[in-house]
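Trainee: If you scroll down you'll find the structure; I have some questions about it.
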Amino acid sequence: MLQAISILLAWLIGFLLVQALDPVRNMQPRWAAVLFHAALGAGIGMGVTSVIFLLLDVSGAASPGAIFGIDIALVGGLAWQCLHSRSRGVALSSSGDATPGFRWTWLLALAFGIVLLIACIRMVQMAVAVPAGEWDAWTLWNLRAKFLAGPSGAWRYALSPLLYGTHPDYPLLLSAFIARVWKAGGDMDAVAPVVTAFAFFASLIALLVSAVALLRGAASAWLAGLVILSTTSLLIWAPSQYADIPLAFYYLGAITLLLLDAAATGGSQKALFLAGLCAGLAAWTKNEGIAFLVTILIVFLAFTMWQRRTGAAMIRAGWLLAGAVPGVLLALWLKFFLAPATDPLVTQGSSGLARLHDASRYAEIAKGFISNLLNLGSGVTHPLILLAILGILLRWQLEERYRLPALIATTALVLVFLSYCGVYLITPYSLAWQVQSSFDRLILQVWPSFVFIFFVMLRSIADPGSPRPAVKVATRKSETISARREPAGKQRR
Amino acid sequence: MKQPSSAQTLAACAAVALLALWSTVNFYGATEQATGSSADVYKVGEQDARFQDLTPALPATGIVGYVSDVPTSQTLGAVLRDGAQYALAPRLVREQSLKPGAEWVIGNFSKPLDVTQFGRERGLTLVRDFGNGVVLYRDGAH
């Protein structure tokens, strides 16, 4: 019971934090805005409370009383802030984008609901069959959670080089959140990691659907949901309790917020701050997240400077960096003080560079990429086939205002993925084993974000004559059509 | 670029919805084995029960030694050790042969054997045999 309350409080803290900053102010449809707040809030809440717990644990102050006390104080403070900002924002909340109408949207929603239900039933059965999760879950993430939830001082074992075959320098977001729930509840039952895994999976799906609904309309959103649920390997890994799904969530969170920042009517930089927070939490989830954080900061700054004055670009990048500060500080603390790297990948020095000259490694990585990309789904129901059908029949329509953030997001994701391939190139471990044991999860980390960008670029689905969300519709670089007049709040900053 | 016709839009939506439904049915069928008792290939779910009686006899945290009849260089040995580690955390399990010095040492055995003799050969005194291959020793040095 206490464990359930602590999970709910984490969600409430995240929800209120997102609500207070309201990155989708005045956007339509409202159900999608609420769902977006709930989904983003779940991930941010789990991340933020995980960070607070770790600080309590390391300082020797972690106890159920301290956890619930801080949670309740945060909920109270954030609820007050939400009420305060809402009372100030009443006058602003009357405008909104018209969403495209499509008479069969309800049928797409129904199909999504059926697919989600069937998938969830099977995933719950899979989780019940292996409640401790798959290999990495119980040898790494949940094991470290047990140390963090142990008596005072036991947290050090989570970072101990004496642990076999594990990685003491791996970031601790997932482990610390599970430990927090265990500590709050007073025991270490198997339910908490299972619920955490499902919470991240549900938040990932809800985040994708709601963000697409806000930017491209409800029909496109349900299609995006159907495509992501056709990704069989995602459904298989979701109940495994690995950190790849939480990482995919934070990548998607950062990228949706970059796009929503371009659509925002409030004229503030709150979406950028939250995007930075997500990128920072990604860096605190897995080492790959550090590559994502660095890449998105650099790419964002570079592309924004290309489009705007240097000063304005620096200010916007500053908001992104400000949000990322907690994740950056924690990652630096872990890597330089708590658990200096012992992984041969990092400590091998320049010897890894010699492997760059081995052409067979490039071939093996390319082969692994294609093979694992094909294994995302099965046969004619493969999500790439679904995307191809949509792309061919519906075609593209990238609005002018989304061009820069879509370019930033795509470039960052491609560079992050190339960095993964770079690590494969220089790894001192058996390449065949590394590719076989991890490549599918690396693809999954970026896959929801790619699906999201695909749907932002895809023409939104609407009946003929229905209003489209487009403000300025650009079909080719040289051809820009003003669909309707842009509201004052949407002028480019 | 030319806008898609209503028929194209409908066809795209219908195709994606039907293929997604088909995909989920395929997923449901393909993962049948992942829901049975054989899904827990490393039997990690059984380790809590195996070590249940031993756990109260150990300190709440700290380093405990570990010995087994299966070398941890073998897959089975590594799985046995990691399963024990997960069941016994927040205690840190450390192989006695690699780092002796822990007062309490866990014996984790894959088959019946003379556990007293096994311990004696390693300078360990049998404290209690909990059955099911789980044994508690004390290091003679303490």
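Labels used: A, B, ... for chains in the order of the structure tokens, numbers from 1 for residues in each chain, and numbers from 1 for ligands as shown.
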What residues in chain B have any atom no more than 6 Å from chain A when counting only C-alpha atoms, and can you write them as a count of residues only?
Mentor: 14
Trainee: Among chain B, which residues does DSSP mark as strand (DSSP E or B) when it is run on the backbone? Keep the chain and numbering as in the structure and answer as a PyMOL selection string.
Mentor: chain B and resi 62-68+91-95+104-108+124-131+134-139
Trainee: Once DSSP has gone over the backbone, tell me which residues of chain B are in helix (DSSP H, G or I), as a tab-separated table (two decimals) with all heavy atoms, in the first residue's frame.
Mentor:
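Contents of states-v4.tsv, freshly written:
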chain	number	residue	atom	x	y	z
B	6	SER	N	-9.60	11.25	-50.43
B	6	SER	CA	-10.25	10.63	-49.26
B	6	SER	C	-10.03	9.12	-49.27
B	6	SER	O	-9.83	8.51	-48.22
B	6	SER	CB	-11.75	10.91	-49.29
B	6	SER	OG	-11.96	12.28	-49.19
B	7	ALA	N	-10.09	8.54	-50.47
B	7	ALA	CA	-9.91	7.08	-50.57
B	7	ALA	C	-8.51	6.68	-50.14
B	7	ALA	O	-8.32	5.67	-49.44
B	7	ALA	CB	-10.16	6.64	-52.02
B	8	GLN	N	-7.52	7.49	-50.54
B	8	GLN	CA	-6.14	7.17	-50.12
B	8	GLN	C	-6.00	7.26	-48.60
B	8	GLN	O	-5.36	6.42	-47.98
B	8	GLN	CB	-5.17	8.15	-50.78
B	8	GLN	CG	-4.81	7.78	-52.21
B	8	GLN	CD	-3.92	8.85	-52.82
B	8	GLN	OE1	-4.28	10.02	-52.84
B	8	GLN	NE2	-2.77	8.44	-53.32
B	9	THR	N	-6.58	8.31	-48.04
B	9	THR	CA	-6.50	8.49	-46.59
B	9	THR	C	-7.15	7.32	-45.87
B	9	THR	O	-6.60	6.75	-44.92
B	9	THR	CB	-7.18	9.82	-46.18
B	9	THR	OG1	-6.60	10.87	-46.92
B	9	THR	CG2	-7.03	10.08	-44.69
B	10	LEU	N	-8.34	6.96	-46.35
B	10	LEU	CA	-9.05	5.84	-45.72
B	10	LEU	C	-8.27	4.54	-45.85
B	10	LEU	O	-8.17	3.76	-44.90
B	10	LEU	CB	-10.42	5.66	-46.39
B	10	LEU	CG	-11.61	6.30	-45.69
B	10	LEU	CD1	-12.88	6.03	-46.45
B	10	LEU	CD2	-11.73	5.80	-44.26
B	11	ALA	N	-7.71	4.34	-47.05
B	11	ALA	CA	-6.95	3.11	-47.28
B	11	ALA	C	-5.74	3.04	-46.35
B	11	ALA	O	-5.43	1.99	-45.78
B	11	ALA	CB	-6.50	3.05	-48.73
B	12	ALA	N	-5.05	4.17	-46.19
B	12	ALA	CA	-3.86	4.19	-45.31
B	12	ALA	C	-4.26	3.87	-43.88
B	12	ALA	O	-3.62	3.05	-43.21
B	12	ALA	CB	-3.20	5.57	-45.38
B	13	CYS	N	-5.34	4.50	-43.41
B	13	CYS	CA	-5.77	4.28	-42.02
B	13	CYS	C	-6.20	2.84	-41.81
B	13	CYS	O	-5.85	2.20	-40.80
B	13	CYS	CB	-6.91	5.23	-41.67
B	13	CYS	SG	-6.39	6.95	-41.61
B	14	ALA	N	-6.99	2.33	-42.77
B	14	ALA	CA	-7.50	0.96	-42.63
B	14	ALA	C	-6.35	-0.04	-42.65
B	14	ALA	O	-6.30	-0.98	-41.83
B	14	ALA	CB	-8.48	0.66	-43.75
B	15	ALA	N	-5.39	0.17	-43.55
B	15	ALA	CA	-4.27	-0.76	-43.66
B	15	ALA	C	-3.46	-0.78	-42.36
B	15	ALA	O	-3.11	-1.85	-41.84
B	15	ALA	CB	-3.38	-0.37	-44.83
B	16	VAL	N	-3.17	0.41	-41.84
B	16	VAL	CA	-2.35	0.48	-40.62
B	16	VAL	C	-3.10	-0.15	-39.44
B	16	VAL	O	-2.53	-0.92	-38.65
B	16	VAL	CB	-1.95	1.94	-40.32
B	16	VAL	CG1	-1.35	2.07	-38.93
B	16	VAL	CG2	-0.94	2.42	-41.36
B	17	ALA	N	-4.39	0.15	-39.33
B	17	ALA	CA	-5.16	-0.40	-38.21
B	17	ALA	C	-5.22	-1.93	-38.28
B	17	ALA	O	-4.99	-2.62	-37.28
B	17	ALA	CB	-6.57	0.19	-38.21
B	18	LEU	N	-5.48	-2.44	-39.46
B	18	LEU	CA	-5.60	-3.90	-39.60
B	18	LEU	C	-4.25	-4.60	-39.39
B	18	LEU	O	-4.17	-5.62	-38.71
B	18	LEU	CB	-6.17	-4.25	-40.98
B	18	LEU	CG	-7.66	-3.90	-41.16
B	18	LEU	CD1	-8.10	-4.10	-42.60
B	18	LEU	CD2	-8.54	-4.71	-40.21
B	19	LEU	N	-3.21	-4.02	-39.97
B	19	LEU	CA	-1.88	-4.63	-39.80
B	19	LEU	C	-1.42	-4.57	-38.35
B	19	LEU	O	-0.79	-5.50	-37.84
B	19	LEU	CB	-0.86	-3.94	-40.72
B	19	LEU	CG	-1.01	-4.25	-42.21
B	19	LEU	CD1	-0.09	-3.38	-43.05
B	19	LEU	CD2	-0.74	-5.73	-42.49
B	20	ALA	N	-1.76	-3.48	-37.66
B	20	ALA	CA	-1.39	-3.37	-36.24
B	20	ALA	C	-2.14	-4.42	-35.42
B	20	ALA	O	-1.56	-5.05	-34.51
B	20	ALA	CB	-1.69	-1.97	-35.72
B	21	LEU	N	-3.42	-4.62	-35.74
B	21	LEU	CA	-4.18	-5.66	-35.04
B	21	LEU	C	-3.57	-7.04	-35.30
B	21	LEU	O	-3.40	-7.85	-34.37
B	21	LEU	CB	-5.64	-5.64	-35.50
B	21	LEU	CG	-6.51	-4.56	-34.87
B	21	LEU	CD1	-7.79	-4.36	-35.66
B	21	LEU	CD2	-6.84	-4.92	-33.42
B	22	TRP	N	-3.22	-7.26	-36.56
B	22	TRP	CA	-2.60	-8.54	-36.93
B	22	TRP	C	-1.26	-8.72	-36.19
B	22	TRP	O	-0.95	-9.80	-35.69
B	22	TRP	CB	-2.43	-8.58	-38.45
B	22	TRP	CG	-1.94	-9.88	-39.00
B	22	TRP	CD1	-1.80	-11.07	-38.33
B	22	TRP	CD2	-1.53	-10.14	-40.34
B	22	TRP	NE1	-1.33	-12.03	-39.16
B	22	TRP	CE2	-1.15	-11.50	-40.42
B	22	TRP	CE3	-1.46	-9.36	-41.49
B	22	TRP	CZ2	-0.69	-12.08	-41.59
B	22	TRP	CZ3	-1.00	-9.95	-42.67
B	22	TRP	CH2	-0.63	-11.29	-42.71
B	23	SER	N	-0.51	-7.63	-36.13
B	23	SER	CA	0.78	-7.68	-35.45
B	23	SER	C	0.61	-8.09	-33.98
B	23	SER	O	1.38	-8.90	-33.44
B	23	SER	CB	1.46	-6.31	-35.53
B	23	SER	OG	2.53	-6.23	-34.65
B	24	THR	N	-0.42	-7.54	-33.34
B	24	THR	CA	-0.62	-7.84	-31.92
B	24	THR	C	-1.05	-9.29	-31.73
B	24	THR	O	-0.63	-9.95	-30.77
B	24	THR	CB	-1.68	-6.90	-31.33
B	24	THR	OG1	-1.38	-5.58	-31.75
B	24	THR	CG2	-1.68	-6.96	-29.83
B	25	VAL	N	-1.88	-9.77	-32.64
B	25	VAL	CA	-2.29	-11.18	-32.56
B	25	VAL	C	-1.05	-12.07	-32.75
B	25	VAL	O	-0.87	-13.06	-32.03
B	25	VAL	CB	-3.38	-11.48	-33.62
B	25	VAL	CG1	-3.67	-12.98	-33.68
B	25	VAL	CG2	-4.64	-10.71	-33.29
B	26	ASN	N	-0.19	-11.70	-33.71
B	26	ASN	CA	1.07	-12.45	-33.91
B	26	ASN	C	1.92	-12.43	-32.65
B	26	ASN	O	2.49	-13.44	-32.23
B	26	ASN	CB	1.88	-11.81	-35.05
B	26	ASN	CG	1.39	-12.26	-36.39
B	26	ASN	OD1	0.63	-13.21	-36.49
B	26	ASN	ND2	1.79	-11.54	-37.43
B	27	PHE	N	2.03	-11.23	-32.05
B	27	PHE	CA	2.83	-11.07	-30.83
B	27	PHE	C	2.26	-11.96	-29.72
B	27	PHE	O	3.02	-12.64	-29.02
B	27	PHE	CB	2.80	-9.60	-30.40
B	27	PHE	CG	3.23	-9.35	-28.98
B	27	PHE	CD1	4.56	-9.50	-28.61
B	27	PHE	CD2	2.31	-8.96	-28.01
B	27	PHE	CE1	4.96	-9.27	-27.30
B	27	PHE	CE2	2.70	-8.74	-26.71
B	27	PHE	CZ	4.03	-8.89	-26.35
B	28	TYR	N	0.95	-11.99	-29.63
B	28	TYR	CA	0.30	-12.80	-28.59
B	28	TYR	C	0.65	-14.28	-28.78
B	28	TYR	O	0.99	-14.98	-27.83
B	28	TYR	CB	-1.21	-12.60	-28.65
B	28	TYR	CG	-1.92	-12.97	-27.38
B	28	TYR	CD1	-2.09	-12.05	-26.36
B	28	TYR	CD2	-2.41	-14.26	-27.19
B	28	TYR	CE1	-2.72	-12.39	-25.19
B	28	TYR	CE2	-3.04	-14.61	-26.01
B	28	TYR	CZ	-3.20	-13.67	-25.01
B	28	TYR	OH	-3.82	-14.01	-23.84
B	29	GLY	N	0.60	-14.70	-30.05
B	29	GLY	CA	0.89	-16.11	-30.33
B	29	GLY	C	2.36	-16.44	-30.16
B	29	GLY	O	2.71	-17.49	-29.61
B	30	ALA	N	3.22	-15.52	-30.57
B	30	ALA	CA	4.67	-15.79	-30.56
B	30	ALA	C	5.27	-15.78	-29.16
B	30	ALA	O	6.37	-16.29	-28.95
B	30	ALA	CB	5.39	-14.78	-31.44
B	32	GLU	N	3.83	-17.05	-26.38
B	32	GLU	CA	3.16	-18.03	-25.51
B	32	GLU	C	4.16	-18.62	-24.50
B	32	GLU	O	3.87	-18.73	-23.31
B	32	GLU	CB	2.55	-19.14	-26.38
B	32	GLU	CG	1.73	-20.18	-25.64
B	32	GLU	CD	0.44	-19.59	-25.06
B	32	GLU	OE1	-0.27	-18.92	-25.81
B	32	GLU	OE2	0.19	-19.79	-23.87
B	33	GLN	N	5.35	-18.97	-25.00
B	33	GLN	CA	6.34	-19.63	-24.13
B	33	GLN	C	6.88	-18.70	-23.05
B	33	GLN	O	7.35	-19.17	-22.02
B	33	GLN	CB	7.51	-20.14	-24.97
B	33	GLN	CG	7.20	-21.46	-25.68
B	33	GLN	CD	8.44	-22.11	-26.23
B	33	GLN	OE1	9.34	-21.40	-26.68
B	33	GLN	NE2	8.52	-23.42	-26.17
B	34	ALA	N	6.79	-17.39	-23.32
B	34	ALA	CA	7.34	-16.43	-22.36
B	34	ALA	C	6.43	-16.24	-21.16
B	34	ALA	O	6.73	-15.45	-20.27
B	34	ALA	CB	7.57	-15.09	-23.05
B	35	THR	N	5.31	-16.93	-21.13
B	35	THR	CA	4.37	-16.76	-20.02
B	35	THR	C	4.30	-18.00	-19.13
B	35	THR	O	3.62	-17.98	-18.11
B	35	THR	CB	2.96	-16.45	-20.53
B	35	THR	OG1	2.51	-17.57	-21.31
B	35	THR	CG2	2.95	-15.21	-21.40
B	37	SER	N	6.01	-21.56	-17.05
B	37	SER	CA	6.99	-21.75	-15.97
B	37	SER	C	8.41	-21.81	-16.52
B	37	SER	O	9.37	-21.59	-15.79
B	37	SER	CB	6.66	-23.02	-15.20
B	37	SER	OG	6.62	-24.11	-16.09
B	38	SER	N	8.54	-22.12	-17.81
B	38	SER	CA	9.88	-22.21	-18.40
B	38	SER	C	10.45	-20.84	-18.75
B	38	SER	O	11.60	-20.73	-19.19
B	38	SER	CB	9.83	-23.07	-19.66
B	38	SER	OG	8.94	-22.48	-20.60
B	39	ALA	N	9.65	-19.79	-18.57
B	39	ALA	CA	10.11	-18.45	-18.97
B	39	ALA	C	11.28	-17.98	-18.10
B	39	ALA	O	12.17	-17.27	-18.57
B	39	ALA	CB	8.96	-17.46	-18.87
B	44	VAL	N	15.69	-17.54	-11.27
B	44	VAL	CA	15.99	-16.52	-10.26
B	44	VAL	C	14.81	-16.34	-9.30
B	44	VAL	O	15.00	-16.02	-8.12
B	44	VAL	CB	16.40	-15.19	-10.92
B	44	VAL	CG1	15.25	-14.54	-11.68
B	44	VAL	CG2	16.94	-14.21	-9.90
B	45	GLY	N	13.60	-16.61	-9.81
B	45	GLY	CA	12.41	-16.49	-8.96
B	45	GLY	C	12.42	-17.48	-7.81
B	45	GLY	O	11.76	-17.26	-6.79
B	46	GLU	N	13.17	-18.58	-7.97
B	46	GLU	CA	13.19	-19.61	-6.92
B	46	GLU	C	14.23	-19.31	-5.85
B	46	GLU	O	14.25	-19.96	-4.80
B	46	GLU	CB	13.48	-20.99	-7.55
B	46	GLU	CG	12.40	-21.44	-8.51
B	46	GLU	CD	12.81	-22.69	-9.28
B	46	GLU	OE1	13.86	-23.28	-8.95
B	46	GLU	OE2	12.08	-23.07	-10.22
B	47	GLN	N	15.12	-18.38	-6.14
B	47	GLN	CA	16.25	-18.16	-5.22
B	47	GLN	C	15.81	-17.57	-3.87
B	47	GLN	O	16.37	-17.90	-2.84
B	47	GLN	CB	17.32	-17.28	-5.87
B	47	GLN	CG	17.89	-17.83	-7.16
B	47	GLN	CD	18.33	-19.29	-7.02
B	47	GLN	OE1	19.03	-19.65	-6.07
B	47	GLN	NE2	17.91	-20.14	-7.94
B	48	ASP	N	14.82	-16.69	-3.90
B	48	ASP	CA	14.33	-16.10	-2.64
B	48	ASP	C	13.88	-17.21	-1.70
B	48	ASP	O	14.17	-17.17	-0.50
B	48	ASP	CB	13.17	-15.13	-2.92
B	48	ASP	CG	13.68	-13.75	-3.29
B	48	ASP	OD1	14.85	-13.46	-3.01
B	48	ASP	OD2	12.90	-12.98	-3.88
B	49	ALA	N	13.15	-18.18	-2.24
B	49	ALA	CA	12.65	-19.28	-1.40
B	49	ALA	C	13.81	-20.14	-0.90
B	49	ALA	O	13.82	-20.55	0.27
B	49	ALA	CB	11.66	-20.12	-2.19
B	50	ARG	N	14.79	-20.39	-1.75
B	50	ARG	CA	15.94	-21.22	-1.35
B	50	ARG	C	16.71	-20.58	-0.19
B	50	ARG	O	17.16	-21.25	0.72
B	50	ARG	CB	16.90	-21.42	-2.53
B	50	ARG	CG	16.46	-22.46	-3.54
B	50	ARG	CD	17.56	-22.69	-4.58
B	50	ARG	NE	18.71	-23.39	-4.02
B	50	ARG	CZ	19.98	-23.07	-4.24
B	50	ARG	NH1	20.26	-22.04	-5.02
B	50	ARG	NH2	20.96	-23.76	-3.70
B	51	PHE	N	16.87	-19.26	-0.27
B	51	PHE	CA	17.70	-18.57	0.73
B	51	PHE	C	16.88	-17.96	1.88
B	51	PHE	O	17.43	-17.28	2.74
B	51	PHE	CB	18.52	-17.48	0.05
B	51	PHE	CG	19.64	-18.02	-0.81
B	51	PHE	CD1	19.48	-18.18	-2.17
B	51	PHE	CD2	20.84	-18.42	-0.24
B	51	PHE	CE1	20.49	-18.69	-2.97
B	51	PHE	CE2	21.86	-18.93	-1.02
B	51	PHE	CZ	21.69	-19.08	-2.40
B	55	THR	N	18.69	-16.17	5.24
B	55	THR	CA	18.80	-14.71	5.31
B	55	THR	C	18.79	-14.16	6.73
B	55	THR	O	19.65	-13.34	7.07
B	55	THR	CB	17.67	-14.06	4.47
B	55	THR	OG1	17.69	-14.67	3.17
B	55	THR	CG2	17.87	-12.58	4.32
B	56	PRO	N	17.89	-14.61	7.62
B	56	PRO	CA	17.88	-14.03	8.98
B	56	PRO	C	19.15	-14.35	9.78
B	56	PRO	O	19.46	-13.66	10.76
B	56	PRO	CB	16.66	-14.68	9.64
B	56	PRO	CG	15.84	-15.23	8.52
B	56	PRO	CD	16.79	-15.57	7.44
B	57	ALA	N	19.88	-15.37	9.35
B	57	ALA	CA	21.09	-15.75	10.09
B	57	ALA	C	22.28	-14.85	9.72
B	57	ALA	O	23.33	-14.92	10.36
B	57	ALA	CB	21.43	-17.20	9.77
B	75	THR	N	28.95	-21.16	-16.95
B	75	THR	CA	27.70	-20.40	-16.97
B	75	THR	C	26.82	-20.75	-15.78
B	75	THR	O	26.27	-19.85	-15.12
B	75	THR	CB	26.94	-20.69	-18.29
B	75	THR	OG1	27.82	-20.38	-19.38
B	75	THR	CG2	25.69	-19.84	-18.40
B	76	LEU	N	26.70	-22.05	-15.49
B	76	LEU	CA	25.86	-22.46	-14.37
B	76	LEU	C	26.37	-21.87	-13.06
B	76	LEU	O	25.58	-21.38	-12.23
B	76	LEU	CB	25.81	-24.00	-14.26
B	76	LEU	CG	25.06	-24.55	-13.04
B	76	LEU	CD1	23.59	-24.13	-13.06
B	76	LEU	CD2	25.17	-26.08	-12.97
B	77	GLY	N	27.68	-21.88	-12.89
B	77	GLY	CA	28.27	-21.32	-11.67
B	77	GLY	C	28.00	-19.84	-11.53
B	77	GLY	O	27.67	-19.34	-10.45
B	78	ALA	N	28.12	-19.12	-12.65
B	78	ALA	CA	27.86	-17.67	-12.63
B	78	ALA	C	26.39	-17.39	-12.32
B	78	ALA	O	26.06	-16.47	-11.56
B	78	ALA	CB	28.25	-17.05	-13.96
B	79	VAL	N	25.51	-18.22	-12.89
B	79	VAL	CA	24.07	-18.02	-12.65
B	79	VAL	C	23.75	-18.31	-11.17
B	79	VAL	O	22.99	-17.56	-10.54
B	79	VAL	CB	23.23	-18.93	-13.59
B	79	VAL	CG1	21.77	-18.94	-13.17
B	79	VAL	CG2	23.37	-18.46	-15.03
B	80	LEU	N	24.34	-19.37	-10.63
B	80	LEU	CA	24.11	-19.70	-9.21
B	80	LEU	C	24.58	-18.56	-8.31
B	80	LEU	O	23.88	-18.15	-7.38
B	80	LEU	CB	24.87	-20.98	-8.84
B	80	LEU	CG	24.23	-22.31	-9.22
B	80	LEU	CD1	25.20	-23.45	-8.95
B	80	LEU	CD2	22.94	-22.54	-8.45
B	81	ARG	N	25.78	-18.06	-8.59
B	81	ARG	CA	26.33	-16.96	-7.78
B	81	ARG	C	25.48	-15.69	-7.91
B	81	ARG	O	25.15	-15.05	-6.91
B	81	ARG	CB	27.76	-16.67	-8.21
B	81	ARG	CG	28.41	-15.52	-7.44
B	81	ARG	CD	29.57	-14.95	-8.19
B	81	ARG	NE	29.15	-14.46	-9.49
B	81	ARG	CZ	29.95	-14.37	-10.55
B	81	ARG	NH1	31.20	-14.73	-10.47
B	81	ARG	NH2	29.50	-13.91	-11.70
B	82	ASP	N	25.12	-15.33	-9.14
B	82	ASP	CA	24.35	-14.10	-9.33
B	82	ASP	C	22.95	-14.22	-8.74
B	82	ASP	O	22.40	-13.25	-8.21
B	82	ASP	CB	24.26	-13.75	-10.83
B	82	ASP	CG	25.61	-13.31	-11.38
B	82	ASP	OD1	26.53	-13.05	-10.56
B	82	ASP	OD2	25.77	-13.24	-12.60
B	83	GLY	N	22.38	-15.43	-8.82
B	83	GLY	CA	21.07	-15.64	-8.20
B	83	GLY	C	21.15	-15.49	-6.69
B	83	GLY	O	20.28	-14.88	-6.05
B	84	ALA	N	22.23	-16.03	-6.10
B	84	ALA	CA	22.43	-15.89	-4.66
B	84	ALA	C	22.64	-14.43	-4.29
B	84	ALA	O	22.10	-13.93	-3.30
B	84	ALA	CB	23.64	-16.73	-4.22
B	85	GLN	N	23.42	-13.73	-5.12
B	85	GLN	CA	23.67	-12.31	-4.86
B	85	GLN	C	22.36	-11.52	-4.84
B	85	GLN	O	22.14	-10.68	-3.97
B	85	GLN	CB	24.62	-11.75	-5.92
B	85	GLN	CG	24.81	-10.25	-5.89
B	85	GLN	CD	25.44	-9.74	-4.60
B	85	GLN	OE1	26.65	-9.69	-4.44
B	85	GLN	NE2	24.59	-9.37	-3.64
B	86	TYR	N	21.49	-11.81	-5.81
B	86	TYR	CA	20.23	-11.07	-5.88
B	86	TYR	C	19.34	-11.39	-4.68
B	86	TYR	O	18.73	-10.48	-4.09
B	86	TYR	CB	19.49	-11.39	-7.18
B	86	TYR	CG	18.28	-10.51	-7.38
B	86	TYR	CD1	18.42	-9.13	-7.53
B	86	TYR	CD2	16.99	-11.04	-7.40
B	86	TYR	CE1	17.33	-8.30	-7.69
B	86	TYR	CE2	15.89	-10.21	-7.56
B	86	TYR	CZ	16.06	-8.85	-7.70
B	86	TYR	OH	14.97	-8.03	-7.85
B	87	ALA	N	19.31	-12.66	-4.29
B	87	ALA	CA	18.46	-13.04	-3.16
B	87	ALA	C	18.98	-12.47	-1.85
B	87	ALA	O	18.19	-12.16	-0.96
B	87	ALA	CB	18.37	-14.56	-3.08
B	88	LEU	N	20.29	-12.35	-1.73
B	88	LEU	CA	20.88	-11.94	-0.44
B	88	LEU	C	21.16	-10.44	-0.33
B	88	LEU	O	21.50	-9.97	0.75
B	88	LEU	CB	22.18	-12.73	-0.19
B	88	LEU	CG	21.99	-14.24	-0.03
B	88	LEU	CD1	23.33	-14.95	0.05
B	88	LEU	CD2	21.15	-14.56	1.20
B	115	VAL	N	28.89	-31.55	2.71
B	115	VAL	CA	29.13	-30.11	2.84
B	115	VAL	C	30.12	-29.81	3.97
B	115	VAL	O	30.86	-28.82	3.93
B	115	VAL	CB	27.81	-29.32	3.05
B	115	VAL	CG1	26.95	-29.40	1.81
B	115	VAL	CG2	27.05	-29.81	4.27
B	116	THR	N	30.15	-30.71	4.99
B	116	THR	CA	31.10	-30.50	6.09
B	116	THR	C	32.53	-30.63	5.58
B	116	THR	O	33.40	-29.79	5.85
B	116	THR	CB	30.84	-31.52	7.21
B	116	THR	OG1	29.45	-31.49	7.53
B	116	THR	CG2	31.65	-31.22	8.44
B	117	GLN	N	32.75	-31.71	4.83
B	117	GLN	CA	34.07	-31.96	4.27
B	117	GLN	C	34.46	-30.86	3.28
B	117	GLN	O	35.60	-30.39	3.27
B	117	GLN	CB	34.07	-33.34	3.57
B	117	GLN	CG	35.38	-33.73	2.91
B	117	GLN	CD	36.52	-33.84	3.92
B	117	GLN	OE1	36.30	-34.06	5.12
B	117	GLN	NE2	37.75	-33.67	3.46
B	118	PHE	N	33.47	-30.43	2.46
B	118	PHE	CA	33.71	-29.37	1.46
B	118	PHE	C	34.21	-28.10	2.16
B	118	PHE	O	35.17	-27.46	1.73
B	118	PHE	CB	32.40	-29.07	0.70
B	118	PHE	CG	32.55	-28.09	-0.42
B	118	PHE	CD1	32.81	-28.50	-1.72
B	118	PHE	CD2	32.44	-26.72	-0.19
B	118	PHE	CE1	32.95	-27.59	-2.76
B	118	PHE	CE2	32.58	-25.80	-1.23
B	118	PHE	CZ	32.83	-26.24	-2.51
B	119	GLY	N	33.58	-27.79	3.30
B	119	GLY	CA	33.98	-26.60	4.04
B	119	GLY	C	35.32	-26.77	4.71
B	119	GLY	O	36.18	-25.86	4.67
B	120	ARG	N	35.52	-27.94	5.30
B	120	ARG	CA	36.78	-28.19	6.01
B	120	ARG	C	37.98	-28.00	5.09
B	120	ARG	O	39.00	-27.43	5.47
B	120	ARG	CB	36.76	-29.61	6.59
B	120	ARG	CG	37.83	-29.86	7.65
B	120	ARG	CD	37.74	-31.25	8.26
B	120	ARG	NE	36.49	-31.47	8.97
B	120	ARG	CZ	35.69	-32.53	8.79
B	120	ARG	NH1	36.01	-33.46	7.91
B	120	ARG	NH2	34.59	-32.66	9.48
Trainee: Near range 320-328 of chain A, counting only C-alpha atoms, which residues have an atom at most 8 Å away, once you skip same-chain residues fewer than 6 positions from it, shown as a list in words?
Mentor: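 The contact residues come out as Leu272, Phe273, Leu274, Ala275, Gly276, Leu277, Cys278, Ala279, Gly280, Leu281, Ala282, Ala283, Trp284, Leu293 and Leu297 of chain A.
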Trainee: Which residue is closest to Ile44 in chain A? Choose from A:Ala62, A:Ala254, A:Met314, A:Leu208 and count only C-alpha atoms.
Mentor: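 Among the listed residues, the smallest separation from Ile44 in chain A belongs to A:Ala254.
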Trainee: Can you tell me, as an MDAnalysis selection string, what residues are no more than 7 Å from Lys183 in chain A when counting only C-alpha atoms, ignoring any on the same chain fewer than 3 positions away?
Mentor: chainID A and resid 63:64 149 179:180 186:187
Trainee: One decimal, Å: what's the distance from CA of Leu98 in chain B over to CA of Asp114 in chain B, could you say?
Mentor: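 Atom-to-atom, CA of Leu98 in chain B to CA of Asp114 in chain B, that is 22.6 Å.
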